[in-house]
Structures are given as structure tokens and as C-alpha cells.
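Written below as C-alpha cells is the structure these notes are about.
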Amino acid sequence: MKLLIVEDERSLSRAICEYLKVEGHICEEAHNYHEAIKKTADNTYNCLVLDLGLPDGSGLDIIRELKKNKAADRVLILSARSSLEDKITGLKIGADDYLSKPFHMAELSARINSVCRRDNFNGFNELSFNEIKIRTDAQEVLINDKLLNLTRKEYDLLVFFMINKDRVITKESIVEHLWGDNVILTDSFDFIYTHVKNLRKKLLSYNCGNYIKVIYGFGYKFSEP
Ligand code: CA
């Protein structure tokens, strides 16, 4: 696949490229916002690996530019653990996935492959799993092609489950993803239980499979029943 690595930290950018080339990809680099905009205007990539904090602009604006031009390039965000809001914004405006720094190269490679395997649905960004389809740019959830109405938190939660399919997700990471740093941390995250319960109830009422499993003592896992 043809990839563009947008990362201002040159040693990291180099290391990513070298790893991905060995995996058989064609890899180009952009070290700032302007280079990335130019390269994406002139070329089509299967996937952009995009750092959000660039010296001359924000990676988020690169995503906005791609979407404005209806570019089909997939986007995988690389972000610092602290920039949760950006991560969430990135997914909302059409990024396909994100990976927090630091990460393992093997994980990056697996994510790129998974992002590129996703169907492009009429030019919309789509996350899908069995009968569930999420159009991330329209923020619509379809179950068996029927539109399901979710609250904002339920929607965010479902997206989070889908992009972390088959992984155990701790309650802490859910809180961090859905509420960012604004949450007052307490010993108990029981309030999540209500959101998960409501989401599950809505999914089941649309004859959706029961994919959300409780992993006692840890959190949840979204996977085949
Ligand atoms: Ca950076």
C-alpha cells in the first residue's frame, strides 16, 4: 500500500517508514503541515499516518482538508496520550482510527492493515461489524440498514467498542475516552454501567447481536457472542 507518514519528529518518522517498507509498503514522509497538504493534493495514498501536533499547523486541519476535497485516503491518527479531545475530534471529522504514543511498530502495521480493509461506503467513512454500520462523518448508526438513535455518549461508546473490537477495555479507558480529562476521578466508575446498559438495550431492540460482554473486575469486551 502507498502510505504517507506525517510526523515532525524525524527520527520517529524514519523508523516508521523503515519498518513499513520492510512490510512491503511504499512509504513517503511529510514533516510538517504544509508538506502534507501539498503531498495529499498531488497524490492519493491508501492511508495517512498522521501526527496531530505539527510545527506549522494541526493534523486535524489536514483531515478537514482531505474531507473537503472528498479524498478517499484513510487516516490513522498518532497522538500523545494527553490529547484526548483531539483524538475524539479526529474520529468525528472522519479519521478512521487512532493509536496513542508510544506504540509498537507491529501494532501500527496491524492498524494500518485493518483501516485499509474497511469498506468505503458511498464515499462515507464507515465502521462496520456484522449488522452494525457506523458512518463516522454523519455520526449515524445503522443496524441492518435501519437508523438507530443514540445519545452522544452512547454513540461515542459504540465507536470506541468497534475500534477496540476483541480487546478488553477497562472502565478507566472508557472514562478517559468519553469524558477526557474533565472527569472527576472516583474509585468507582459505576456511571459507565448505565451508559453501557442503555446502549446494549437499544442494540438488542434492533435485533442486533449481543456483542458487549462484561469482563468482571476489568471492564468490557466487544466481540462475537
Ligand atoms: Ca509532533
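Here, A, B, ... name the chains of the C-alpha cells in the order displayed, residue numbers run from 1 inside each chain, and ligands are numbered from 1 in the same displayed order.
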
Could the residues that lie within 10 Å of ligand 1, counting only C-alpha atoms and all ligand atoms, be listed as a list in words?
->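 Checked against 10 Å with only C-alpha atoms and all ligand atoms; the hits are Val6, Glu7, Asp8, Glu9, Arg10, Leu12, His31, Asn32, Leu50, Asp51, Leu52, Gly53, Leu54, Pro55, Ser58, Gly59, Leu78, Ser79 and Ala80 of chain A.
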
Find the residues around stretch 23-30 of chain A up to 7 Å (only C-alpha atoms counted), leave out those fewer than 2 positions away in its own chain, and share them as a list in words.
->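 Listing them by chain and then by number gives Met1, Lys2, Leu3, Leu4, Ile5, Val6, Glu7, Cys17, Tyr19, Leu20, Lys21, Asn32, Glu35 and Ala36 of chain A.
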
For A:His104, list every protein, DNA or RNA residue within 12 Å, evaluated using only C-alpha atoms, and leave out those in the same chain fewer than 4 positions away; present the list as an MDAnalysis selection string.
-> chainID A and resid 12 15:16 19 78 99:100 108:111

In Å, with one decimal, what is the gap from atom CA of A:Ser11 to atom CA of A:Pro102?
->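 Atom CA of A:Pro102 lies 13.7 Å from atom CA of A:Ser11.
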
So which one's closest to A:Leu157, A:Leu127, A:Met105, A:Ile192, A:Ile143? Using only C-alpha atoms, please.
->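 Ranked by minimum distance to A:Leu157, first place goes to A:Ile192.
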
Which polymer residues have any atom within 7 Å of an atom of stretch 161-167 of chain A, counting only C-alpha atoms, with same-chain residues fewer than 6 positions away left out, as a VMD selection string?
-> chain A and resid 97 221 to 223
